[in-house]
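Inspection log for the structure reproduced underneath, given as structure tokens.
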Amino acid sequence: MKKIITYITIGWLALGMFSCADDALETVPTDAMSTETLFATAEAAMVPLNGLYRAFYEVLVMTGNTHQCFGLSAYNLMADVMAEDMIMSASGSGWFWYDCIYNVKTRYESTGWRPYDLWRTYYKYIANINYIIASEETMGGEPSDVNYAIGQAYALRAYSYFMLIQSFARTYKGHESDPGVPLYTEPTAAGTAGKPRATVQEVYTQITADIDKAVELLGNASARRHITHVDQSVALGFQARIASVMEDWAKAQSAAEAAITASKKSIGTGATILSGMNDALASNVMWGAHIIADQSGMYAGFFTHMDAEAGYYGATALKQINKLLYNEMGSKDVRRAWWDPEYSGNGKGGYQQEKFKFADVQTWLGDYIWMRVEEMYLTAAEAACQQGNDAKAREHLMALMSKRDADFKCDNKSGKALGKLTTDLTGSLLEEILIQRRIELWGEFGRIYDIRRLRQGFKRTLEMGWPEGALIPNTATDDPESYAWVMTIPQVEFDGNKELNQAKDQNPVGDYPN
């Protein structure tokens, strides 16, 4: 007979968490360790879900370097400084600098660096989610409430595996048969047997099945309770992101357009986008963390690294925009206010960011924004262009740009030609859409993810504003087939998972296999 959990008292993540096969960190009630344990009601399932959402903006598993490991926003920042558009002016205290200069992959034996952080955190999310999904058939409560809980669980599992596969394998297209990551879809506990690496295709098959199920369930769910919760519009946003990586452009367009409608959000203007980008309750925000004072990460937080005026890490390692990208904006583009070309600390570097500021420095407050409706317009525009529908692509792009630059026009642009490097400009409509995406989502999305899926390369230059110490001339970022941005698997996974052979299952430590 299956056991039922009716009451949970554990903190952030209410369940036993499993990531590296034989190595569970947290202690939990005995009943919660059974792989047959289910949640009795939708309300009971919301306890670990709410704990999971809190873990999305707090340090979860690290034993060192915690100030750069504060959940989803940290990983977006990591993926931004790995590319060409967000310049780090200096190493500062070291946080994110080693991501920036591609000096983390060799540190896979440590439990204090990025390989461990990414792998362990997302698998802990998945471990908790699997217990909730296992409750689907027996969970009590109003059907709409059950859909609300289970739908979120499917969406978050899809998201977690999506982020894992983007970090630990090359991009989907052309690498479907490459090794991906182990797939766990059942409840796990300490002692659960590990699994081998599934192929990239197998992982994406699971991801698409999960997100499709989430969209269906959340379309018949009770009303959203909090902006941090995933509703149908956010699940559709995930679906659009996933389809874009898979180059399923028809699905990417339809999902993005449906997300716009379902969200009931409007493109941000005025103070909504110019007052520090720190309000998850703003009218253009689809998903984010509304953080209260006792949940602030303090030093381990996004704004600590971004806001130079606050005097913390953002002051010693300025985050600046690539000057070449800044110059792509028209003179009337309101987004110019997001960066300051006259900032006293710019030096020969890029232009200091003003886009992200604390809402209240004294209490370390500022909300994290993880998805805005503007992204959906840009995704819909790109997907339409990729399908040869330039007219629809321009329509979606102009919906955004009419709110950004009164002089902006793209009537004379068409086609989808892209250069081998991101600096090899072609003048195509697709390139224009992507340039606006780079500007609009700077600091929010993780630029390296787009470079990977587009299979372009990039090179940093002094002309952009990069300091010489971060030019990384010997890193193969100009080759989209390289493993430069494919993370190594942490040593603890090989130590605990008998299904993995380090000699053949470890990703290349360098840019190419030996």
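Labels for the structure tokens follow display order: chains A, B, ..., residues from 1 in each chain, ligands from 1.
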
Which residues are close to stretch 323-333 of chain A, i.e. within 9 Å by only C-alpha atoms, leaving aside same-chain residues fewer than 4 positions away? Reply as a PyMOL selection string.
chain A and resi 85+337+339+341+349-351+401+403-408+423+435-436+438-439+463-465

Can I get the selection written as a tab-separated table (two decimals), in the first residue's frame, with C-alpha atoms?
chain	number	residue	atom	x	y	z
A	85	ASP	CA	27.78	41.63	-24.73
A	337	ALA	CA	19.19	55.05	-20.33
A	339	TRP	CA	23.74	52.32	-19.70
A	341	PRO	CA	28.64	56.20	-21.49
A	349	GLY	CA	35.89	49.71	-21.14
A	350	GLY	CA	32.27	49.42	-22.14
A	351	TYR	CA	29.44	51.52	-20.75
A	401	MET	CA	10.26	48.73	-31.12
A	403	LYS	CA	7.66	51.49	-27.66
A	404	ARG	CA	11.43	51.80	-27.68
A	405	ASP	CA	12.46	54.06	-30.57
A	406	ALA	CA	10.09	56.37	-32.44
A	407	ASP	CA	12.44	56.44	-35.44
A	408	PHE	CA	12.98	52.70	-35.72
A	423	THR	CA	30.34	40.63	-35.48
A	435	ILE	CA	20.31	42.62	-32.21
A	436	GLN	CA	17.17	44.00	-30.58
A	438	ARG	CA	20.49	41.31	-27.34
A	439	ILE	CA	19.74	44.87	-26.27
A	463	GLU	CA	37.08	47.86	-29.38
A	464	MET	CA	34.02	46.41	-27.67
A	465	GLY	CA	35.42	47.55	-24.33

Just how far from atom CA of A:Ile150 is atom CA of A:Leu217, in Å to one decimal?
7.5 Å

For A:Gln352, which of A:Thr228, A:Gln386, A:Gln320, A:Asn278 is the closest residue, counting only C-alpha atoms?
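Using only C-alpha atoms, A:Gln352 sits closest to A:Gln320.
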
Quick one: which stretch 26-124 of chain A residues come within 9 Å of stretch 166-184 of chain A, and what is the nearest atom pair for each with the distance in Å to one decimal, counting only C-alpha atoms, rows ordered by chain and ascending number, as JSON lines?
{"residue": "A:Pro115", "atom": "CA", "partner": "A:Phe168", "partner_atom": "CA", "distance": 9.0}
{"residue": "A:Leu118", "atom": "CA", "partner": "A:Ser167", "partner_atom": "CA", "distance": 8.0}
{"residue": "A:Trp119", "atom": "CA", "partner": "A:Phe168", "partner_atom": "CA", "distance": 8.5}
{"residue": "A:Tyr123", "atom": "CA", "partner": "A:Tyr184", "partner_atom": "CA", "distance": 8.9}

Dump as a Markdown table the rows for residues of stretch 227-322 of chain A within 9 Å of stretch 54-62 of chain A: closest atom pair and distance in Å with one decimal, only C-alpha atoms counted, ordered by chain and rising residue number.
| residue | atom | partner | partner_atom | distance |
| --- | --- | --- | --- | --- |
| A:Thr228 | CA | A:Arg54 | CA | 8.7 |
| A:Ala289 | CA | A:Tyr57 | CA | 7.4 |
| A:Ile291 | CA | A:Tyr57 | CA | 8.7 |
| A:Gln295 | CA | A:Glu58 | CA | 8.1 |
| A:Ser296 | CA | A:Glu58 | CA | 8.1 |
| A:Gly297 | CA | A:Glu58 | CA | 6.2 |
| A:Ala300 | CA | A:Val59 | CA | 7.5 |
| A:Gly301 | CA | A:Tyr57 | CA | 8.0 |

Restrict the selected residues to N, CA and C atoms and save them as an mmCIF file, in the first residue's frame.
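Okay, this is what ended up in selection-v5.cif:
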data_model
loop_
_atom_site.group_PDB
_atom_site.id
_atom_site.type_symbol
_atom_site.label_atom_id
_atom_site.label_comp_id
_atom_site.auth_asym_id
_atom_site.auth_seq_id
_atom_site.Cartn_x
_atom_site.Cartn_y
_atom_site.Cartn_z
ATOM 1 N N THR A 228 5.724 34.259 -8.512
ATOM 2 C CA THR A 228 6.809 33.279 -8.567
ATOM 3 C C THR A 228 6.331 31.940 -9.101
ATOM 4 N N ALA A 289 10.648 36.560 -9.002
ATOM 5 C CA ALA A 289 10.641 36.346 -7.556
ATOM 6 C C ALA A 289 10.375 37.663 -6.855
ATOM 7 N N ILE A 291 10.663 39.279 -3.683
ATOM 8 C CA ILE A 291 11.477 38.920 -2.526
ATOM 9 C C ILE A 291 11.214 39.878 -1.369
ATOM 10 N N GLN A 295 14.101 37.261 3.127
ATOM 11 C CA GLN A 295 14.507 36.274 2.123
ATOM 12 C C GLN A 295 15.605 36.813 1.207
ATOM 13 N N SER A 296 16.129 37.984 1.515
ATOM 14 C CA SER A 296 17.186 38.552 0.696
ATOM 15 C C SER A 296 18.458 37.722 0.816
ATOM 16 N N GLY A 297 19.154 37.570 -0.304
ATOM 17 C CA GLY A 297 20.418 36.836 -0.287
ATOM 18 C C GLY A 297 21.585 37.675 0.193
ATOM 19 N N ALA A 300 25.033 37.438 -1.465
ATOM 20 C CA ALA A 300 24.782 36.422 -2.491
ATOM 21 C C ALA A 300 23.494 36.778 -3.221
ATOM 22 N N GLY A 301 23.556 37.837 -4.003
ATOM 23 C CA GLY A 301 22.364 38.300 -4.699
ATOM 24 C C GLY A 301 22.696 39.001 -5.999
#

Near-stretch 371-379 of chain A list (9 Å; only C-alpha atoms; drop same-chain fewer than 5 positions) as a PyMOL selection string
chain A and resi 234+237+240-241+244+252-253+255-257+259-260+263+265-268+284-288+384+393+396-397+399-400+433-434+436-437+440-441+444-445
